[in-house]
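Text of final03.cif (mmCIF, C-alpha atoms and all ligand atoms) as supplied:
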data_entry
#
loop_
_atom_site.label_atom_id
_atom_site.label_comp_id
_atom_site.auth_asym_id
_atom_site.auth_seq_id
_atom_site.Cartn_x
_atom_site.Cartn_y
_atom_site.Cartn_z
CA MET A 3 -0.14 -1.45 -70.85
CA LEU A 4 2.29 -2.85 -68.32
CA THR A 5 0.88 -6.39 -68.09
CA GLY A 6 3.65 -8.96 -68.14
CA ARG A 7 6.35 -6.43 -68.92
CA ARG A 8 9.63 -6.54 -67.05
CA ALA A 9 10.21 -3.30 -65.14
CA LEU A 10 13.95 -2.92 -64.55
CA VAL A 11 13.97 -0.82 -61.38
CA ARG A 12 17.16 0.79 -60.05
CA VAL A 13 16.63 0.95 -56.30
CA ASP A 14 18.99 2.09 -53.54
CA TYR A 15 19.37 -0.86 -51.20
CA ASN A 16 22.76 0.23 -49.95
CA VAL A 17 21.66 -0.76 -46.45
CA PRO A 18 23.76 -1.23 -43.32
CA LEU A 19 24.40 -4.94 -42.62
CA SER A 20 25.25 -6.17 -39.12
CA GLU A 21 28.27 -8.42 -38.59
CA SER A 22 26.06 -11.48 -38.84
CA GLY A 23 24.73 -10.20 -42.19
CA ASP A 24 21.34 -8.97 -40.99
CA VAL A 25 19.82 -5.84 -42.49
CA ALA A 26 20.23 -3.27 -39.71
CA ASP A 27 17.96 -0.57 -41.14
CA VAL A 28 15.01 -1.26 -43.45
CA ALA A 29 14.08 2.38 -44.23
CA ARG A 30 15.44 2.18 -47.79
CA LEU A 31 13.59 -1.06 -48.48
CA GLU A 32 10.35 0.39 -47.15
CA GLY A 33 10.86 3.52 -49.23
CA SER A 34 10.85 1.49 -52.45
CA ILE A 35 7.68 -0.49 -51.73
CA PRO A 36 5.12 2.04 -53.06
CA THR A 37 6.81 1.99 -56.48
CA LEU A 38 7.08 -1.81 -56.49
CA ASN A 39 3.44 -2.29 -55.48
CA HIS A 40 2.39 0.28 -58.08
CA LEU A 41 4.15 -1.76 -60.76
CA VAL A 42 2.91 -5.16 -59.56
CA ASP A 43 -0.67 -3.85 -59.26
CA ARG A 44 -0.49 -2.90 -62.93
CA GLY A 45 0.77 -6.34 -63.95
CA ALA A 46 4.42 -5.43 -64.43
CA ARG A 47 7.16 -7.75 -63.18
CA PRO A 48 9.78 -5.80 -61.15
CA ILE A 49 13.44 -6.74 -61.61
CA LEU A 50 15.59 -4.87 -59.09
CA LEU A 51 19.14 -3.56 -59.50
CA SER A 52 21.07 -2.04 -56.60
CA HIS A 53 24.56 -1.56 -55.29
CA LEU A 54 25.70 -2.38 -51.75
CA GLY A 55 28.93 -1.20 -50.18
CA ARG A 56 32.12 -0.67 -52.13
CA PRO A 57 33.20 -4.11 -53.40
CA GLY A 58 35.22 -2.40 -56.14
CA GLY A 59 34.14 -4.30 -59.26
CA LYS A 60 34.64 -7.82 -57.94
CA VAL A 61 32.60 -10.36 -56.01
CA VAL A 62 32.86 -9.77 -52.24
CA PRO A 63 30.56 -12.29 -50.52
CA GLY A 64 29.97 -10.00 -47.50
CA ASP A 65 28.45 -7.41 -49.87
CA SER A 66 25.92 -9.80 -51.44
CA LEU A 67 22.35 -8.52 -51.69
CA GLU A 68 21.00 -12.01 -50.95
CA PRO A 69 20.01 -11.29 -47.29
CA VAL A 70 18.14 -8.20 -48.49
CA ALA A 71 15.76 -10.27 -50.65
CA ALA A 72 14.42 -12.19 -47.64
CA VAL A 73 13.80 -8.98 -45.69
CA LEU A 74 12.06 -7.35 -48.65
CA GLU A 75 9.87 -10.43 -49.05
CA GLU A 76 8.77 -10.11 -45.44
CA LEU A 77 8.10 -6.37 -45.74
CA MET A 78 6.17 -6.70 -49.02
CA GLY A 79 4.25 -9.83 -48.16
CA ARG A 80 4.89 -11.22 -51.63
CA PRO A 81 7.54 -13.58 -53.01
CA VAL A 82 10.92 -11.95 -53.67
CA ARG A 83 13.42 -14.08 -55.57
CA PHE A 84 17.15 -13.51 -55.61
CA PHE A 85 19.49 -14.34 -58.49
CA PRO A 86 23.22 -14.46 -57.67
CA ALA A 87 24.45 -12.73 -60.84
CA THR A 88 23.58 -9.66 -62.92
CA ASP A 89 25.56 -9.52 -66.14
CA THR A 90 25.05 -13.08 -67.45
CA ASP A 91 22.70 -14.87 -69.83
CA GLU A 92 21.40 -16.84 -66.84
CA ALA A 93 20.49 -13.57 -65.13
CA VAL A 94 18.54 -12.50 -68.23
CA GLU A 95 16.82 -15.89 -68.25
CA SER A 96 15.87 -15.47 -64.57
CA THR A 97 14.03 -12.25 -65.50
CA ARG A 98 12.12 -13.99 -68.32
CA ILE A 99 10.78 -16.77 -66.10
CA LEU A 100 9.73 -14.48 -63.20
CA PRO A 101 6.03 -15.12 -62.50
CA GLN A 102 3.66 -12.19 -62.39
CA GLY A 103 3.05 -11.02 -58.79
CA GLU A 104 6.62 -11.75 -57.76
CA VAL A 105 9.72 -9.56 -57.51
CA LEU A 106 13.29 -10.43 -58.52
CA LEU A 107 16.41 -8.93 -56.94
CA LEU A 108 19.66 -9.39 -58.85
CA GLU A 109 23.15 -9.39 -57.34
CA ASN A 110 25.10 -6.25 -56.37
CA THR A 111 25.83 -4.07 -59.43
CA ARG A 112 29.17 -3.04 -57.91
CA PHE A 113 30.40 -6.62 -58.30
CA LEU A 114 30.65 -5.71 -61.99
CA PRO A 115 33.89 -4.12 -63.22
CA GLY A 116 32.18 -1.58 -65.51
CA GLU A 117 29.55 -0.28 -63.07
CA THR A 118 31.28 2.73 -61.54
CA THR A 119 33.13 3.58 -64.76
CA ASN A 120 29.85 3.43 -66.70
CA ASP A 121 31.23 1.04 -69.31
CA PRO A 122 28.85 1.45 -72.29
CA GLY A 123 28.94 -2.29 -73.10
CA LEU A 124 27.81 -3.11 -69.58
CA GLY A 125 24.95 -0.62 -69.77
CA GLN A 126 23.74 -2.23 -72.99
CA ARG A 127 24.00 -5.76 -71.62
CA LEU A 128 22.13 -4.85 -68.43
CA ALA A 129 19.42 -3.24 -70.55
CA ARG A 130 18.45 -6.79 -71.63
CA LEU A 131 17.19 -7.43 -68.09
CA GLY A 132 14.00 -5.42 -68.58
CA ASP A 133 11.43 -4.09 -71.05
CA PHE A 134 11.45 -0.61 -69.52
CA TYR A 135 13.46 1.26 -66.89
CA VAL A 136 12.47 2.92 -63.62
CA ASN A 137 14.86 5.04 -61.58
CA ASP A 138 13.80 4.91 -57.93
CA ALA A 139 17.31 5.39 -56.54
CA PHE A 140 17.35 9.11 -55.91
CA GLY A 141 20.31 8.81 -53.51
CA THR A 142 22.47 7.34 -56.29
CA SER A 143 21.31 9.59 -59.13
CA HIS A 144 24.29 11.92 -58.78
CA ARG A 145 26.56 9.05 -59.85
CA ALA A 146 27.10 8.47 -63.55
CA HIS A 147 27.27 4.70 -63.14
CA ALA A 148 26.19 2.02 -65.63
CA SER A 149 23.04 1.00 -63.74
CA VAL A 150 22.03 4.65 -63.25
CA VAL A 151 23.01 6.32 -66.53
CA GLY A 152 24.15 3.59 -68.96
CA VAL A 153 21.06 1.37 -68.75
CA PRO A 154 18.42 4.11 -69.19
CA SER A 155 20.41 5.48 -72.14
CA SER A 156 19.59 2.31 -74.07
CA LEU A 157 16.44 0.98 -72.38
CA LYS A 158 13.30 3.04 -73.11
CA PRO A 159 10.92 4.10 -71.83
CA ALA A 160 12.98 5.25 -68.86
CA VAL A 161 10.97 6.95 -66.14
CA ALA A 162 11.18 8.15 -62.54
CA GLY A 163 9.71 6.02 -59.74
CA LEU A 164 7.48 7.37 -56.96
CA LEU A 165 10.35 7.90 -54.53
CA VAL A 166 12.28 9.97 -57.05
CA GLU A 167 9.13 11.89 -57.93
CA ALA A 168 8.49 12.76 -54.27
CA GLU A 169 12.08 13.94 -53.87
CA LEU A 170 11.88 16.08 -56.97
CA ASN A 171 8.59 17.66 -55.94
CA ALA A 172 10.01 18.69 -52.59
CA LEU A 173 13.45 19.78 -53.75
CA THR A 174 12.18 21.66 -56.80
CA ARG A 175 9.80 23.66 -54.64
CA LEU A 176 12.71 24.55 -52.38
CA ARG A 177 14.94 25.47 -55.27
CA ASP A 178 12.63 27.33 -57.56
CA ASP A 179 9.76 28.66 -55.58
CA PRO A 180 10.42 29.06 -51.85
CA ALA A 181 7.71 31.01 -50.00
CA ARG A 182 9.32 33.74 -47.90
CA PRO A 183 10.80 34.15 -45.41
CA PHE A 184 13.15 31.39 -46.55
CA VAL A 185 15.49 30.25 -43.76
CA VAL A 186 18.33 27.74 -44.12
CA ALA A 187 20.35 26.07 -41.34
CA PHE A 188 23.73 24.54 -42.13
CA GLY A 189 25.83 22.43 -39.81
CA GLY A 190 27.86 19.28 -39.97
CA ALA A 191 31.52 18.71 -40.32
CA LYS A 192 32.79 20.29 -43.49
CA ILE A 193 32.21 23.42 -45.52
CA SER A 194 34.11 22.10 -48.51
CA ASP A 195 31.44 19.42 -49.18
CA LYS A 196 28.79 22.09 -49.34
CA ILE A 197 30.27 25.15 -51.05
CA PRO A 198 28.12 25.09 -54.22
CA LEU A 199 24.99 24.64 -52.11
CA MET A 200 25.92 27.42 -49.69
CA GLU A 201 26.70 29.74 -52.57
CA SER A 202 23.42 28.98 -54.28
CA PHE A 203 21.47 29.75 -51.08
CA LEU A 204 23.51 32.84 -50.28
CA THR A 205 21.55 34.91 -52.76
CA ARG A 206 18.22 33.10 -52.40
CA ALA A 207 17.69 32.61 -48.66
CA ASP A 208 16.67 35.40 -46.30
CA ARG A 209 18.72 33.93 -43.45
CA ILE A 210 21.40 31.24 -43.23
CA LEU A 211 22.08 29.91 -39.72
CA ILE A 212 25.48 28.29 -39.22
CA GLY A 213 26.11 25.66 -36.53
CA GLY A 214 28.09 22.45 -36.16
CA ALA A 215 31.80 22.20 -36.76
CA MET A 216 31.26 24.41 -39.78
CA ALA A 217 30.67 27.34 -37.40
CA ASN A 218 34.19 26.87 -36.00
CA THR A 219 35.67 27.45 -39.43
CA PHE A 220 33.66 30.68 -39.74
CA LEU A 221 34.86 31.77 -36.27
CA ALA A 222 38.43 31.05 -37.35
CA ALA A 223 37.81 33.19 -40.44
CA LEU A 224 36.86 36.05 -38.11
CA GLY A 225 40.15 35.56 -36.23
CA ARG A 226 38.49 34.16 -33.10
CA PRO A 227 40.20 31.46 -31.01
CA THR A 228 38.84 27.96 -31.71
CA GLY A 229 40.86 25.91 -29.18
CA LYS A 230 40.85 22.21 -30.02
CA SER A 231 37.62 22.46 -32.04
CA LEU A 232 37.33 20.80 -35.42
CA VAL A 233 38.26 23.50 -37.95
CA GLU A 234 38.61 22.95 -41.66
CA SER A 235 41.71 25.03 -42.24
CA GLU A 236 41.59 24.74 -46.05
CA ALA A 237 38.12 26.30 -46.00
CA ILE A 238 38.88 29.37 -43.85
CA GLY A 239 39.36 31.48 -46.99
CA ILE A 240 36.01 30.37 -48.39
CA ALA A 241 34.33 31.12 -45.07
CA SER A 242 35.74 34.69 -45.10
CA ASP A 243 34.58 35.11 -48.65
CA LEU A 244 31.03 33.95 -47.83
CA LEU A 245 30.94 36.28 -44.80
CA ALA A 246 32.09 39.21 -46.89
CA ARG A 247 29.52 38.56 -49.59
CA ALA A 248 26.42 38.31 -47.41
CA PRO A 249 27.14 39.49 -43.86
CA GLU A 250 23.46 40.24 -43.22
CA VAL A 251 22.31 36.78 -44.34
CA LEU A 252 24.73 34.58 -42.39
CA MET A 253 24.14 34.13 -38.66
CA LEU A 254 26.82 32.54 -36.49
CA PRO A 255 26.44 31.14 -32.94
CA GLU A 256 26.77 33.58 -30.04
CA ASP A 257 27.54 30.86 -27.49
CA LEU A 258 28.85 27.30 -27.66
CA VAL A 259 29.00 24.17 -25.53
CA VAL A 260 32.64 23.14 -25.04
CA GLY A 261 34.44 20.23 -23.41
CA GLU A 262 37.58 18.10 -23.47
CA PRO A 263 38.45 17.01 -27.01
CA ARG A 264 36.67 13.79 -28.03
CA THR A 265 35.39 13.01 -24.57
CA THR A 266 31.96 13.39 -23.10
CA GLY A 267 31.13 14.22 -19.55
CA SER A 268 31.78 17.66 -18.19
CA THR A 269 30.70 20.46 -20.52
CA ARG A 270 30.62 24.25 -20.26
CA VAL A 271 28.89 27.07 -22.09
CA VAL A 272 31.13 29.89 -23.33
CA PRO A 273 30.64 32.95 -25.57
CA ALA A 274 31.43 32.04 -29.17
CA ASP A 275 34.52 34.27 -29.21
CA GLU A 276 35.98 32.74 -26.04
CA ILE A 277 36.60 29.04 -26.78
CA PRO A 278 39.32 28.03 -24.24
CA ALA A 279 42.60 26.88 -25.80
CA ALA A 280 42.44 23.36 -24.33
CA LEU A 281 38.76 22.68 -25.15
CA ALA A 282 36.64 22.01 -28.24
CA ALA A 283 33.21 23.33 -29.25
CA TYR A 284 30.77 20.49 -29.83
CA ASP A 285 27.35 22.15 -29.84
CA ILE A 286 25.65 25.52 -30.12
CA GLY A 287 24.86 27.06 -26.74
CA PRO A 288 21.48 27.81 -25.12
CA ALA A 289 21.27 31.46 -26.25
CA THR A 290 22.06 30.40 -29.84
CA ARG A 291 19.51 27.61 -29.67
CA GLU A 292 16.88 30.05 -28.59
CA ARG A 293 17.83 32.59 -31.26
CA PHE A 294 18.01 29.98 -34.04
CA SER A 295 14.62 28.52 -33.03
CA ALA A 296 13.10 32.00 -33.06
CA VAL A 297 14.44 32.75 -36.54
CA ILE A 298 13.31 29.35 -37.86
CA SER A 299 9.82 29.94 -36.44
CA THR A 300 9.45 32.98 -38.73
CA ALA A 301 10.09 30.84 -41.83
CA GLU A 302 7.51 29.92 -44.45
CA THR A 303 10.19 27.74 -46.04
CA PHE A 304 12.94 26.05 -44.04
CA PHE A 305 15.79 23.85 -45.23
CA TRP A 306 18.15 22.15 -42.83
CA ASN A 307 21.36 20.31 -43.62
CA GLY A 308 24.00 19.20 -41.14
CA PRO A 309 23.79 18.54 -37.39
CA MET A 310 24.34 21.55 -35.10
CA GLY A 311 26.93 19.63 -33.09
CA TRP A 312 28.49 16.31 -32.22
CA PHE A 313 24.95 15.00 -31.71
CA GLU A 314 26.01 11.35 -31.45
CA ALA A 315 27.57 12.16 -28.05
CA ALA A 316 25.56 12.65 -24.87
CA GLY A 317 25.50 16.29 -23.82
CA TYR A 318 26.10 17.65 -27.33
CA ASP A 319 22.78 16.87 -28.99
CA LYS A 320 20.61 19.75 -27.78
CA GLY A 321 21.26 22.15 -30.66
CA THR A 322 20.43 19.47 -33.23
CA LEU A 323 17.28 18.44 -31.34
CA ASP A 324 16.08 22.04 -31.06
CA VAL A 325 16.55 22.66 -34.78
CA ALA A 326 14.72 19.40 -35.55
CA GLN A 327 11.89 20.52 -33.26
CA ALA A 328 11.81 23.97 -34.89
CA ALA A 329 11.56 22.30 -38.32
CA ALA A 330 8.51 20.35 -37.13
CA VAL A 331 6.93 23.58 -35.87
CA VAL A 332 7.39 25.21 -39.30
CA SER A 333 5.64 22.28 -41.02
CA GLU A 334 2.88 22.08 -38.46
CA SER A 335 2.09 25.79 -38.75
CA GLY A 336 1.52 25.44 -42.48
CA GLY A 337 5.06 26.14 -43.71
CA PHE A 338 7.32 23.91 -45.75
CA ALA A 339 10.29 22.29 -43.97
CA VAL A 340 12.78 19.96 -45.64
CA VAL A 341 15.67 18.07 -44.07
CA GLY A 342 18.49 16.86 -46.30
CA GLY A 343 21.80 15.09 -45.68
CA GLY A 344 22.54 11.60 -44.39
CA ASP A 345 23.42 12.49 -40.80
CA SER A 346 20.74 15.17 -40.44
CA ALA A 347 18.11 12.69 -41.68
CA ARG A 348 19.37 10.16 -39.15
CA ALA A 349 19.26 12.79 -36.39
CA ILE A 350 15.64 13.73 -37.10
CA ARG A 351 14.62 10.06 -37.31
CA GLU A 352 16.32 9.31 -34.00
CA ALA A 353 14.50 12.29 -32.46
CA GLY A 354 11.23 10.72 -33.67
CA LEU A 355 10.36 13.91 -35.58
CA ASP A 356 10.78 12.70 -39.17
CA GLN A 357 7.04 12.23 -39.71
CA ARG A 358 6.38 15.77 -38.52
CA VAL A 359 8.36 17.66 -41.19
CA SER A 360 7.21 18.18 -44.77
CA HIS A 361 9.98 16.08 -46.31
CA VAL A 362 13.09 14.20 -45.22
CA SER A 363 15.27 13.68 -48.23
CA THR A 364 16.76 10.20 -48.43
CA GLY A 365 19.28 11.47 -50.93
CA GLY A 366 22.25 12.65 -48.85
CA GLY A 367 24.83 13.88 -51.37
CA ALA A 368 22.33 13.59 -54.23
CA SER A 369 19.87 15.99 -52.58
CA LEU A 370 22.58 18.56 -51.93
CA GLU A 371 23.85 18.28 -55.49
CA TYR A 372 20.35 18.56 -56.93
CA LEU A 373 19.65 21.67 -54.84
CA ALA A 374 22.90 23.25 -55.96
CA HIS A 375 22.69 22.40 -59.67
CA GLY A 376 19.03 21.67 -60.41
CA THR A 377 19.77 18.37 -62.14
CA LEU A 378 21.56 15.04 -61.69
CA PRO A 379 23.17 12.68 -64.24
CA GLY A 380 20.69 9.88 -63.47
CA LEU A 381 17.71 12.20 -64.03
CA GLU A 382 18.94 13.80 -67.24
CA VAL A 383 18.78 10.47 -69.10
CA LEU A 384 15.15 9.80 -68.21
CA ASP A 385 12.38 10.48 -70.73
CA ASP A 386 11.11 14.11 -70.61
CA ASP A 387 14.18 14.93 -68.53
CA GLN A 388 12.64 14.55 -65.05
CA SER A 389 15.10 17.01 -63.53
P1 LIG A 401 24.98 15.52 -43.27
O1 LIG A 401 25.29 14.06 -43.49
O2 LIG A 401 23.64 15.73 -42.63
O3 LIG A 401 25.18 16.34 -44.51
P2 LIG A 401 27.64 16.04 -42.30
O4 LIG A 401 28.09 14.73 -42.85
O5 LIG A 401 28.13 17.27 -42.95
O6 LIG A 401 26.05 16.07 -42.18
O7 LIG A 401 28.12 16.16 -40.78
C1 LIG A 401 27.70 15.29 -39.78
C2 LIG A 401 28.78 15.06 -38.75
O8 LIG A 401 29.31 16.29 -38.26
C3 LIG A 401 28.23 14.33 -37.54
O9 LIG A 401 28.88 13.08 -37.44
C4 LIG A 401 28.58 15.24 -36.36
O10 LIG A 401 29.05 14.53 -35.22
C5 LIG A 401 29.67 16.10 -36.91
N1 LIG A 401 29.75 17.38 -36.20
C6 LIG A 401 28.82 18.37 -36.19
N2 LIG A 401 29.22 19.38 -35.41
C7 LIG A 401 30.41 19.03 -34.89
C8 LIG A 401 31.35 19.68 -34.02
N3 LIG A 401 31.10 20.88 -33.50
N4 LIG A 401 32.50 19.03 -33.75
C9 LIG A 401 32.75 17.80 -34.27
N5 LIG A 401 31.92 17.15 -35.08
C10 LIG A 401 30.77 17.75 -35.40
MG MG A 402 27.15 12.99 -43.58
#

Write the structure described by the file as structure tokens, please.
Ligand code: ADP
Ligand code: MG
Amino acid sequence: MLTGRRALVRVDYNVPLSESGDVADVARLEGSIPTLNHLVDRGARPILLSHLGRPGGKVVPGDSLEPVAAVLEELMGRPVRFFPATDTDEAVESTRILPQGEVLLLENTRFLPGETTNDPGLGQRLARLGDFYVNDAFGTSHRAHASVVGVPSSLKPAVAGLLVEAELNALTRLRDDPARPFVVAFGGAKISDKIPLMESFLTRADRILIGGAMANTFLAALGRPTGKSLVESEAIGIASDLLARAPEVLMLPEDLVVGEPRTTGSTRVVPADEIPAALAAYDIGPATRERFSAVISTAETFFWNGPMGWFEAAGYDKGTLDVAQAAAVVSESGGFAVVGGGDSARAIREAGLDQRVSHVSTGGGASLEYLAHGTLPGLEVLDDDQS
């Protein structure tokens, strides 16, 4: 029975704030509401813990969660209180007097010196804020911080919230049981962020499409000219190694859209092995877009991480949009398509296609780490190991 019990819920309200302190994007708040309503409907009293920004273990007024409480109250249509401390007796008292039907948000956990170092004393003290623990902060679950790992080590029961459950359902299916053909598309800036994930898919995916700046590093590994393109020189060796291990799985662009470095305006399409010395590649070209879309359309399971180009800039967003569109087609023809990664998730939302794919992971780094390793520190400490 949950009636009257204090549910200490770790949420991820690390939201962008505008200069005037307004919440610029409410997606993370909205994502937590099903879990909060579920708890309130069963008589529990939700007490929320979150971090915001990188205040570095001290109070930074600009990183206060106070403005978030008002926005959450509006979105939920029920009273949301805010208490301006977390690790104090007064904060504990504020949880005890919270009326049923209301929600309480405590101050930024990263104002506390022991949060990111997972100080065991802090974890135990924060455990006094609730009668049981709910992790609904999937995007933070790869961090062994006090509010993610320390608290649920001493506060039981410790369970996964609905957001975490939805993430795990989608990512586990992708990891353990992908229907074939299984196609993966990687893009974005850096290979080095994604090596464990790429390696784990190298033997499990039928095809891995490479776009974005990452493709430049692969081209460099093949000895092709890359002009002024973004190349991760430290990762050229890894790129050669991946190419050597699975040449039939990896598919590189055949043409690219190039232009003046860091400027938009006039662009040109060139074969992928002919990037001019003075120019940079910022998107996959039309032939590659067509080929990638065709390969993706054969997939029963599709995973996409990393934009296909400098999609924030006009003229370089077509590759990313086409892959987003192809992902929607996979889902809508009965396949399973998942998008993971902070910028890729933003790209598919901006394209208005996020509702048309099977799952958009909110996790960013956490999703990639879960896919690579099959577990996360914040999940391992939950009851029945939810990982
Ligand atoms: P995600 O957050 O989805 O994992 P990344 O963080 O790896 O993606 O990469 C996203 C960034 O990579 C975007 O800001 C995008 O502009 C940049 N990017 C992608 N392709 C290129 C390119 N060819 N040249 C320069 N930047 C690129
Ligand atoms: Mg990113």

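Picture a line from atom P2 of ligand LIG 401 (chain A) to CA of Glu292 in chain A; it runs 22.4 Å.
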
Counting only C-alpha atoms, I want the residues whose atoms come within 12 Å of (40.3, 28.7, -47.9) in the file frame, returned as a list in words. Ile193, Ser194, Ile197, Thr219, Phe220, Ala222, Ala223, Val233, Glu234, Ser235, Glu236, Ala237, Ile238, Gly239, Ile240, Ala241, Ser242, Asp243 and Leu244 of chain A

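If you look at CA of Gly311 in chain A and CA of Ala248 in chain A, they are 23.5 Å away from each other.
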
Residues up to 7 Å from ligand MG 402 (chain A), counting all atoms listed in the file: could you list those as a PyMOL selection string? chain A and resi 343-345

Residues contacting ligand LIG 401 (chain A) - anything with an atom at most 10 Å away, using only C-alpha atoms and all ligand atoms - can you give me those as a PyMOL selection string? chain A and resi 188-196+213-219+230-233+258-260+263-264+282-286+306-315+318-319+321-322+341-350+365-367+369-370
